[in-house]
file entry16.txt (compact mmCIF, C-alpha atoms)
# COMPACT_ATOMS: atom_id res chain seq x y z
CA MET A 1 8.58 9.50 -1.34
CA ALA A 2 8.50 8.42 2.29
CA GLY A 3 4.71 8.38 2.13
CA GLU A 4 4.83 6.13 -0.92
CA SER A 5 7.19 3.73 0.84
CA GLU A 6 4.92 3.61 3.88
CA THR A 7 1.90 2.87 1.68
CA GLU A 8 3.70 0.06 -0.08
CA ALA A 9 4.81 -1.39 3.25
CA ASN A 10 1.22 -1.51 4.50
CA GLN A 11 0.02 -3.50 1.51
CA PRO A 12 -0.01 -7.33 1.61
CA ARG A 13 2.68 -9.03 -0.43
CA GLN A 14 1.46 -10.30 -3.80
CA SER A 15 0.47 -13.97 -3.61
CA PRO A 16 -1.32 -15.48 -6.64
CA ILE A 17 -2.22 -18.71 -4.80
CA LYS A 18 -3.81 -16.89 -1.86
CA GLY A 19 -5.56 -14.57 -4.31
CA ILE A 20 -7.12 -17.56 -6.08
CA LEU A 21 -8.23 -19.12 -2.78
CA TRP A 22 -9.89 -15.92 -1.61
CA MET A 23 -11.68 -15.64 -4.96
CA ALA A 24 -12.96 -19.21 -4.55
CA ILE A 25 -14.36 -18.26 -1.15
CA ALA A 26 -15.98 -15.21 -2.75
CA ALA A 27 -17.58 -17.47 -5.38
CA VAL A 28 -19.21 -19.59 -2.65
CA PHE A 29 -20.70 -16.58 -0.89
CA PHE A 30 -21.83 -15.01 -4.17
CA SER A 31 -23.63 -18.25 -5.09
CA ILE A 32 -25.48 -18.31 -1.77
CA SER A 33 -26.47 -14.66 -2.23
CA VAL A 34 -28.09 -15.48 -5.59
CA GLY A 35 -30.38 -17.99 -3.88
CA LEU A 36 -31.22 -15.46 -1.15
CA VAL A 37 -32.09 -12.79 -3.73
CA ARG A 38 -34.40 -15.22 -5.53
CA GLN A 39 -36.09 -16.12 -2.25
CA LEU A 40 -36.61 -12.48 -1.26
CA SER A 41 -37.88 -11.47 -4.71
CA GLU A 42 -41.29 -12.91 -3.80
CA THR A 43 -41.91 -9.95 -1.47
CA ILE A 44 -39.17 -7.32 -1.99
CA ASP A 45 -37.93 -6.05 -5.36
CA ALA A 46 -34.32 -6.07 -6.51
CA PHE A 47 -33.66 -2.37 -5.89
CA GLU A 48 -34.86 -2.43 -2.30
CA GLN A 49 -32.85 -5.60 -1.70
CA THR A 50 -29.79 -3.71 -2.94
CA LEU A 51 -30.45 -0.93 -0.42
CA TRP A 52 -30.76 -3.30 2.54
CA ARG A 53 -27.66 -5.18 1.38
CA GLN A 54 -25.66 -1.95 1.49
CA VAL A 55 -27.12 -0.81 4.82
CA ILE A 56 -26.41 -4.10 6.58
CA GLY A 57 -22.87 -4.27 5.17
CA THR A 58 -22.19 -0.73 6.39
CA ILE A 59 -23.51 -1.54 9.88
CA ILE A 60 -21.19 -4.54 10.07
CA LEU A 61 -18.21 -2.27 9.36
CA LEU A 62 -19.20 0.66 11.62
CA PRO A 63 -17.15 -0.61 14.62
CA TYR A 64 -14.09 -0.71 12.36
CA ALA A 65 -14.78 2.83 11.15
CA TRP A 66 -15.35 4.08 14.70
CA LYS A 67 -12.05 2.57 15.83
CA LEU A 68 -10.07 4.23 13.05
CA GLY A 69 -11.81 7.60 13.31
CA LEU A 70 -12.27 10.15 10.55
CA LYS A 71 -8.56 10.41 9.82
CA GLY A 72 -8.08 6.67 9.51
CA MET A 73 -11.13 6.30 7.27
CA LYS A 74 -9.94 8.90 4.78
CA THR A 75 -9.46 7.46 1.31
CA ARG A 76 -6.73 8.79 -0.93
CA GLN A 77 -8.84 8.17 -4.03
CA LEU A 78 -12.28 9.69 -3.41
CA GLY A 79 -12.98 10.20 -7.12
CA THR A 80 -12.08 6.61 -7.94
CA ASN A 81 -14.29 5.42 -5.08
CA LEU A 82 -17.25 7.42 -6.37
CA ILE A 83 -16.89 6.09 -9.92
CA ARG A 84 -16.28 2.56 -8.70
CA ASN A 85 -19.36 2.55 -6.51
CA THR A 86 -21.62 4.08 -9.12
CA ALA A 87 -20.65 1.21 -11.42
CA GLY A 88 -20.90 -1.19 -8.49
CA TYR A 89 -24.45 -0.10 -7.68
CA ILE A 90 -25.55 -0.63 -11.28
CA GLY A 91 -23.88 -4.04 -11.26
CA ILE A 92 -25.49 -5.18 -8.00
CA SER A 93 -29.00 -3.88 -8.64
CA PHE A 94 -29.09 -5.11 -12.24
CA SER A 95 -27.68 -8.46 -11.18
CA PHE A 96 -30.45 -8.79 -8.57
CA LEU A 97 -33.03 -7.70 -11.13
CA SER A 98 -31.89 -10.27 -13.70
CA ILE A 99 -32.29 -13.04 -11.10
CA THR A 100 -35.99 -12.18 -10.93
CA LEU A 101 -36.40 -12.11 -14.73
CA ILE A 102 -34.55 -15.23 -15.98
CA PRO A 103 -33.36 -18.54 -14.45
CA MET A 104 -30.52 -18.07 -11.98
CA ALA A 105 -28.11 -20.24 -13.97
CA ASP A 106 -28.70 -18.08 -17.07
CA THR A 107 -27.95 -14.95 -15.07
CA VAL A 108 -24.69 -16.38 -13.74
CA ALA A 109 -23.71 -17.81 -17.13
CA LEU A 110 -24.03 -14.40 -18.80
CA GLN A 111 -22.16 -12.77 -15.94
CA LEU A 112 -19.29 -15.18 -16.54
CA THR A 113 -18.31 -12.61 -19.15
CA LEU A 114 -17.11 -10.51 -16.19
CA PRO A 115 -13.43 -11.55 -16.51
CA LEU A 116 -13.52 -10.52 -20.16
CA PHE A 117 -14.99 -7.13 -19.28
CA THR A 118 -12.40 -6.84 -16.50
CA LEU A 119 -9.68 -7.60 -19.02
CA VAL A 120 -10.91 -4.89 -21.40
CA PHE A 121 -11.30 -2.28 -18.67
CA ALA A 122 -7.91 -3.19 -17.17
CA ILE A 123 -6.40 -2.20 -20.52
CA ILE A 124 -8.43 1.01 -20.77
CA ILE A 125 -8.31 2.14 -17.13
CA LEU A 126 -5.11 0.65 -15.72
CA GLY A 127 -3.09 0.72 -18.92
CA GLU A 128 -2.28 -2.99 -18.74
CA ARG A 129 -0.54 -4.21 -21.87
CA VAL A 130 -2.62 -6.30 -24.23
CA GLY A 131 -1.25 -9.30 -26.06
CA ARG A 132 -2.65 -11.38 -28.88
CA HIS A 133 -3.86 -14.01 -26.42
CA ARG A 134 -6.09 -11.44 -24.69
CA LEU A 135 -7.70 -10.44 -27.96
CA ILE A 136 -8.28 -14.10 -28.86
CA ALA A 137 -9.79 -14.79 -25.43
CA THR A 138 -12.11 -11.81 -25.72
CA MET A 139 -13.38 -12.88 -29.16
CA ILE A 140 -13.99 -16.45 -27.98
CA GLY A 141 -15.76 -15.17 -24.87
CA ILE A 142 -18.05 -13.02 -26.98
CA ALA A 143 -18.84 -16.09 -29.07
CA GLY A 144 -19.79 -17.96 -25.89
CA ALA A 145 -22.13 -15.16 -24.83
CA LEU A 146 -23.74 -15.25 -28.29
CA VAL A 147 -24.36 -18.99 -27.90
CA ILE A 148 -26.34 -18.26 -24.73
CA LEU A 149 -28.18 -15.30 -26.26
CA ARG A 150 -28.69 -16.92 -29.71
CA PRO A 151 -29.76 -13.68 -31.43
CA GLY A 152 -32.02 -14.34 -34.41
CA LEU A 153 -32.89 -17.83 -33.15
CA VAL A 154 -34.59 -16.88 -29.90
CA GLU A 155 -35.77 -13.54 -28.61
CA ILE A 156 -33.15 -11.79 -26.49
CA SER A 157 -35.02 -11.11 -23.29
CA LEU A 158 -34.80 -8.08 -21.03
CA GLY A 159 -33.34 -10.29 -18.30
CA MET A 160 -30.46 -11.32 -20.55
CA MET A 161 -29.59 -7.73 -21.42
CA VAL A 162 -29.84 -6.69 -17.78
CA ALA A 163 -27.43 -9.50 -16.81
CA LEU A 164 -24.90 -8.36 -19.43
CA ILE A 165 -25.12 -4.73 -18.28
CA ALA A 166 -24.53 -5.94 -14.73
CA SER A 167 -21.46 -7.87 -15.88
CA ALA A 168 -19.99 -4.86 -17.67
CA SER A 169 -20.61 -2.66 -14.64
CA PHE A 170 -18.93 -5.18 -12.37
CA GLY A 171 -16.00 -5.22 -14.79
CA ILE A 172 -15.49 -1.48 -14.26
CA SER A 173 -15.95 -1.80 -10.50
CA ASP A 174 -13.54 -4.72 -10.12
CA THR A 175 -10.89 -3.02 -12.23
CA LEU A 176 -11.07 0.09 -10.06
CA VAL A 177 -10.70 -2.05 -6.93
CA ARG A 178 -7.26 -2.93 -8.25
CA ARG A 179 -6.42 0.78 -8.52
CA LEU A 180 -7.83 1.50 -5.04
CA SER A 181 -5.73 -1.30 -3.54
CA ARG A 182 -2.60 0.72 -4.29
CA THR A 183 -3.43 3.13 -1.46
CA ASP A 184 -6.41 1.78 0.54
CA THR A 185 -6.74 -1.34 2.70
CA THR A 186 -9.15 -4.14 1.81
CA THR A 187 -11.55 -3.29 4.63
CA LEU A 188 -11.57 0.41 3.69
CA ILE A 189 -12.38 -0.49 0.08
CA VAL A 190 -15.23 -2.75 1.22
CA PHE A 191 -16.58 -0.12 3.65
CA TYR A 192 -16.83 2.52 0.96
CA GLY A 193 -18.22 -0.14 -1.38
CA PHE A 194 -21.21 -0.44 0.94
CA ALA A 195 -21.58 3.06 2.38
CA LEU A 196 -21.22 5.17 -0.78
CA GLN A 197 -23.96 3.25 -2.57
CA ILE A 198 -26.61 3.85 0.11
CA PRO A 199 -27.78 7.33 -1.08
CA ILE A 200 -28.46 6.31 -4.69
CA ALA A 201 -29.89 2.95 -3.58
CA ALA A 202 -32.30 4.73 -1.19
CA VAL A 203 -33.57 7.07 -3.90
CA VAL A 204 -34.22 4.26 -6.38
CA ALA A 205 -35.76 1.92 -3.77
CA ALA A 206 -38.23 4.61 -2.68
CA PHE A 207 -40.12 4.35 -5.98
CA ASN A 208 -41.41 0.85 -5.15
CA TRP A 209 -40.94 0.69 -1.40
CA VAL A 210 -42.30 -2.25 0.60
CA THR A 211 -41.69 -2.32 4.35
CA PRO A 212 -40.10 -5.71 5.12
CA SER A 213 -42.23 -8.07 7.17
CA LEU A 214 -40.95 -9.94 10.21
CA SER A 215 -40.45 -13.06 8.07
CA ASP A 216 -38.34 -11.10 5.55
CA TRP A 217 -35.74 -9.93 8.05
CA PRO A 218 -33.86 -13.24 8.54
CA TRP A 219 -33.41 -13.46 4.74
CA LEU A 220 -32.35 -9.80 4.47
CA ILE A 221 -29.84 -10.13 7.30
CA ALA A 222 -28.47 -13.31 5.76
CA LEU A 223 -28.15 -11.52 2.40
CA GLY A 224 -26.28 -8.66 4.05
CA LEU A 225 -23.89 -10.97 5.91
CA VAL A 226 -23.20 -13.21 2.90
CA SER A 227 -22.74 -10.20 0.60
CA PHE A 228 -20.30 -8.63 3.03
CA ALA A 229 -18.26 -11.84 3.18
CA ALA A 230 -18.29 -12.09 -0.62
CA GLN A 231 -17.21 -8.48 -1.16
CA TRP A 232 -14.44 -8.67 1.43
CA SER A 233 -13.10 -11.91 -0.09
CA LEU A 234 -13.30 -10.41 -3.59
CA ALA A 235 -11.50 -7.20 -2.64
CA HIS A 236 -8.80 -9.10 -0.72
CA SER A 237 -8.27 -11.38 -3.69
CA PHE A 238 -7.66 -8.38 -5.97
CA VAL A 239 -5.19 -6.98 -3.43
CA LEU A 240 -3.22 -10.22 -3.45
CA ALA A 241 -3.16 -10.93 -7.20
CA GLU A 242 -3.86 -9.43 -10.61
CA ALA A 243 -7.50 -9.18 -11.64
CA SER A 244 -6.92 -11.06 -14.90
CA LEU A 245 -5.53 -14.02 -12.94
CA VAL A 246 -8.13 -14.44 -10.19
CA SER A 247 -11.34 -13.36 -11.98
CA PRO A 248 -11.80 -16.73 -13.81
CA VAL A 249 -12.20 -18.45 -10.43
CA LEU A 250 -15.67 -16.90 -10.25
CA PHE A 251 -16.74 -19.53 -12.81
CA LEU A 252 -17.27 -21.77 -9.78
CA ARG A 253 -20.53 -19.89 -9.29
CA LEU A 254 -22.24 -21.58 -12.25
CA PRO A 255 -22.42 -25.19 -10.98
CA MET A 256 -23.19 -24.00 -7.45
CA VAL A 257 -26.00 -21.67 -8.54
CA ALA A 258 -27.35 -24.28 -10.95
CA ALA A 259 -27.58 -26.72 -8.02
CA ILE A 260 -29.33 -24.13 -5.83
CA GLY A 261 -31.78 -23.34 -8.63
CA PHE A 262 -32.53 -27.01 -9.26
CA PHE A 263 -32.98 -28.17 -5.65
CA PHE A 264 -34.69 -25.10 -4.18
CA PHE A 265 -36.51 -23.45 -7.09
CA ALA A 266 -37.06 -26.30 -9.60
CA GLN A 267 -35.06 -24.49 -12.28
CA VAL A 268 -33.43 -26.65 -14.96
CA PRO A 269 -30.66 -24.90 -16.95
CA ASP A 270 -30.95 -24.76 -20.74
CA ILE A 271 -28.37 -26.89 -22.60
CA TRP A 272 -27.19 -23.83 -24.52
CA THR A 273 -26.48 -22.05 -21.24
CA GLY A 274 -24.03 -24.81 -20.39
CA VAL A 275 -22.44 -24.81 -23.84
CA GLY A 276 -21.98 -21.06 -23.84
CA ALA A 277 -20.61 -21.12 -20.31
CA VAL A 278 -18.01 -23.75 -21.27
CA ILE A 279 -16.88 -21.60 -24.22
CA ILE A 280 -16.57 -18.51 -22.01
CA PHE A 281 -14.71 -20.53 -19.39
CA ALA A 282 -12.31 -21.88 -22.02
CA ALA A 283 -11.58 -18.36 -23.22
CA THR A 284 -10.95 -17.00 -19.75
CA TYR A 285 -8.91 -20.04 -18.66
CA TYR A 286 -6.73 -19.70 -21.75
CA SER A 287 -6.16 -16.03 -20.99
CA ALA A 288 -5.39 -16.71 -17.32
CA ARG A 289 -2.91 -19.46 -18.18
CA ARG A 290 -1.12 -17.19 -20.63
CA GLU A 291 -1.04 -14.40 -18.04
CA ALA A 292 0.44 -16.76 -15.45
CA LYS A 293 3.12 -17.92 -17.91
CA ILE A 294 4.04 -14.32 -18.75
CA HIS A 295 4.14 -13.42 -15.05
CA ARG A 296 6.50 -16.31 -14.30
CA ALA A 297 8.76 -15.29 -17.16
CA ARG A 298 8.95 -11.70 -15.91
CA THR A 299 9.62 -12.85 -12.37
CA ALA A 300 12.44 -15.12 -13.54
CA ALA A 301 13.91 -12.26 -15.58
CA ASP A 302 13.92 -9.97 -12.54
call {"tool": "encode", "arguments": {"input": "entry16.txt", "output": "structure tokens"}}
result
Amino acid sequence: MAGESETEANQPRQSPIKGILWMAIAAVFFSISVGLVRQLSETIDAFEQTLWRQVIGTIILLPYAWKLGLKGMKTRQLGTNLIRNTAGYIGISFSFLSITLIPMADTVALQLTLPLFTLVFAIIILGERVGRHRLIATMIGIAGALVILRPGLVEISLGMMVALIASASFGISDTLVRRLSRTDTTTLIVFYGFALQIPIAAVVAAFNWVTPSLSDWPWLIALGLVSFAAQWSLAHSFVLAEASLVSPVLFLRLPMVAAIGFFFFAQVPDIWTGVGAVIIFAATYYSARREAKIHRARTAAD
């Protein structure tokens, strides 16, 4: 019991406002990373980009790991880390791949379903109680995704399906971050999030390996730095507040990525992408507002 008390004492106090702010910062860095992936895709494929992203992030955190030593770097949830990072690798690599297959705004719009996937997996994995408002939000969010996909009216492309698989995988990964935060620090979660994905990323990248040129390295290093900042901000946000509350903040990515796509890559978003994104946002915002109201009621009751 003493160990449990010590663990709880080492964890940051819950702060919904700070959690939302850190998620907004994560959204900015994630948006920049999308532009970097698109730029690099001209010479290096998505799977090799994923490998270099993980390698650079791990290098950044090596001084921290060295300082703590083997004992300090020991996670109390190795199995959860392995599952989380398998899902995380699929999410990252498929997200990068979708950016090369469809317009960036479409990729981000479809991945706005992430909070809905997070909600579903939070129920399944964490045992969070589900209310009617969550079911309503999920159904509306699915309707928004269907507006973007428009099955039967337009052909559902490979890029669209890849983006949805990435979103579902991120939903599993983000939900497990919440579980990991019960025992592990934010930086430890982020370190394993980079390091444990390197072996599988190396194997997959080897199938279409291209040695980066001198001109590629500034972009790769920038991608690694920005991705590290995004992952750290994301993990810290989940430590500070419930996933169902802070996940909708990632909707900020859509206008930012749309602007990057327009100004740097001459990509103009489809009108239906915007309509579907608004529907998904409305569903997630409704769910988040209801969650906040329930949280306030419980806090007042305590």
call {"tool": "atom_distance", "arguments": {"input": "entry16.txt", "atom1": "CA of Thr75 in chain A", "atom2": "CA of Gly171 in chain A"}}
result
21.5 Å
call {"tool": "closest_atom_pairs", "arguments": {"input": "entry16.txt", "of": "range 33-118 of chain A", "to": "range 131-135 of chain A", "cutoff": "12 Å", "atoms": "only C-alpha atoms", "output": "tab-separated table"}}
result
residue	atom	partner	partner_atom	distance
A:Pro115	CA	A:Arg134	CA	11.0
A:Leu116	CA	A:Arg134	CA	8.8
A:Phe117	CA	A:Arg134	CA	11.3
A:Thr118	CA	A:Arg134	CA	11.3
call {"tool": "write_last_selection", "arguments": {"input": "entry16.txt", "atoms": "C-alpha atoms", "output": "short mmCIF file (atom, residue, chain, number, x, y, z; two decimals), in the frame of the given file"}}
result
data_model
loop_
_atom_site.label_atom_id
_atom_site.label_comp_id
_atom_site.auth_asym_id
_atom_site.auth_seq_id
_atom_site.Cartn_x
_atom_site.Cartn_y
_atom_site.Cartn_z
CA PRO A 115 -13.43 -11.55 -16.51
CA LEU A 116 -13.52 -10.52 -20.16
CA PHE A 117 -14.99 -7.13 -19.28
CA THR A 118 -12.40 -6.84 -16.50
#
call {"tool": "closest_residue", "arguments": {"input": "entry16.txt", "among": "A:Ser167, A:Gln197, A:Ser98, A:Thr86", "to": "Thr113 in chain A", "atoms": "all atoms listed in the file"}}
result
A:Ser167
call {"tool": "atom_distance", "arguments": {"input": "entry16.txt", "atom1": "CA of Ser247 in chain A", "atom2": "CA of Leu82 in chain A"}}
result
22.3 Å
call {"tool": "atom_distance", "arguments": {"input": "entry16.txt", "atom1": "CA of Thr187 in chain A", "atom2": "CA of Leu164 in chain A"}}
result
28.0 Å
call {"tool": "closest_residue", "arguments": {"input": "entry16.txt", "among": "A:Ala297, A:Ala205, A:Ile44, A:Ala277", "to": "Leu146 in chain A", "atoms": "all atoms listed in the file"}}
result
A:Ala277
call {"tool": "closest_residue", "arguments": {"input": "entry16.txt", "among": "A:Ser169, A:Ser157, A:Gln14, A:Gln54", "to": "Phe228 in chain A", "atoms": "all atoms listed in the file"}}
result
A:Gln54
call {"tool": "axis_aligned_box", "arguments": {"input": "entry16.txt", "around": "range 235-244 of chain A", "padding_each_side": "5 Å", "output": "lines of an AutoDock Vina configuration file"}}
result
center_x = -7.3
center_y = -9.2
center_z = -7.8
size_x = 18.3
size_y = 14.4
size_z = 24.2
call {"tool": "closest_residue", "arguments": {"input": "entry16.txt", "among": "A:Phe29, A:Ile99, A:Asp174, A:Phe47", "to": "Val204 in chain A", "atoms": "all atoms listed in the file"}}
result
A:Phe47
call {"tool": "closest_residue", "arguments": {"input": "entry16.txt", "among": "A:Ile294, A:Val226, A:Ile280, A:Leu240", "to": "Ile56 in chain A", "atoms": "all atoms listed in the file"}}
result
A:Val226
call {"tool": "closest_residue", "arguments": {"input": "entry16.txt", "among": "A:Leu180, A:Ala222, A:Ile279, A:Ala288", "to": "Pro248 in chain A", "atoms": "all atoms listed in the file"}}
result
A:Ala288
call {"tool": "residues_around", "arguments": {"input": "entry16.txt", "residues": "Ile59 in chain A", "least_positions_apart": "5", "cutoff": "12 Å", "atoms": "only C-alpha atoms", "output": "mmCIF file with C-alpha atoms, in the frame of the given file"}}
result
data_model
loop_
_atom_site.group_PDB
_atom_site.id
_atom_site.type_symbol
_atom_site.label_atom_id
_atom_site.label_comp_id
_atom_site.auth_asym_id
_atom_site.auth_seq_id
_atom_site.Cartn_x
_atom_site.Cartn_y
_atom_site.Cartn_z
ATOM 1 C CA TRP A 52 -30.760 -3.300 2.540
ATOM 2 C CA ARG A 53 -27.660 -5.180 1.380
ATOM 3 C CA GLN A 54 -25.660 -1.950 1.490
ATOM 4 C CA TYR A 64 -14.090 -0.710 12.360
ATOM 5 C CA ALA A 65 -14.780 2.830 11.150
ATOM 6 C CA TRP A 66 -15.350 4.080 14.700
ATOM 7 C CA PHE A 191 -16.580 -0.120 3.650
ATOM 8 C CA TYR A 192 -16.830 2.520 0.960
ATOM 9 C CA PHE A 194 -21.210 -0.440 0.940
ATOM 10 C CA ALA A 195 -21.580 3.060 2.380
ATOM 11 C CA ILE A 198 -26.610 3.850 0.110
ATOM 12 C CA ILE A 221 -29.840 -10.130 7.300
ATOM 13 C CA GLY A 224 -26.280 -8.660 4.050
ATOM 14 C CA LEU A 225 -23.890 -10.970 5.910
ATOM 15 C CA PHE A 228 -20.300 -8.630 3.030
#
call {"tool": "residues_around", "arguments": {"input": "entry16.txt", "residues": "Val162 in chain A", "least_positions_apart": "5", "cutoff": "12 Å", "atoms": "all atoms listed in the file", "output": "PyMOL selection string"}}
result
chain A and resi 90-102+106-108+110-111+156-157+167-169
call {"tool": "residues_near_point", "arguments": {"input": "entry16.txt", "point": "(-9.0, 10.4, -8.9)", "cutoff": "12 Å", "atoms": "only C-alpha atoms", "output": "JSON, numbers by chain"}}
result
{"A": [75, 76, 77, 78, 79, 80, 81, 82, 83, 84, 125, 176, 179, 180, 183]}
call {"tool": "residues_around", "arguments": {"input": "entry16.txt", "residues": "Arg289 in chain A", "least_positions_apart": "4", "cutoff": "12 Å", "atoms": "all atoms listed in the file", "output": "list of chain:residue names"}}
result
A:His133, A:Arg134, A:Ala137, A:Ser244, A:Leu245, A:Val246, A:Pro248, A:Phe281, A:Ala282, A:Ala283, A:Thr284, A:Tyr285, A:Lys293, A:Ile294, A:His295, A:Arg296
call {"tool": "residues_around", "arguments": {"input": "entry16.txt", "residues": "Val28 in chain A", "least_positions_apart": "5", "cutoff": "9 Å", "atoms": "only C-alpha atoms", "output": "ChimeraX atom specification"}}
result
/A:23,33,230,250,252-253,256
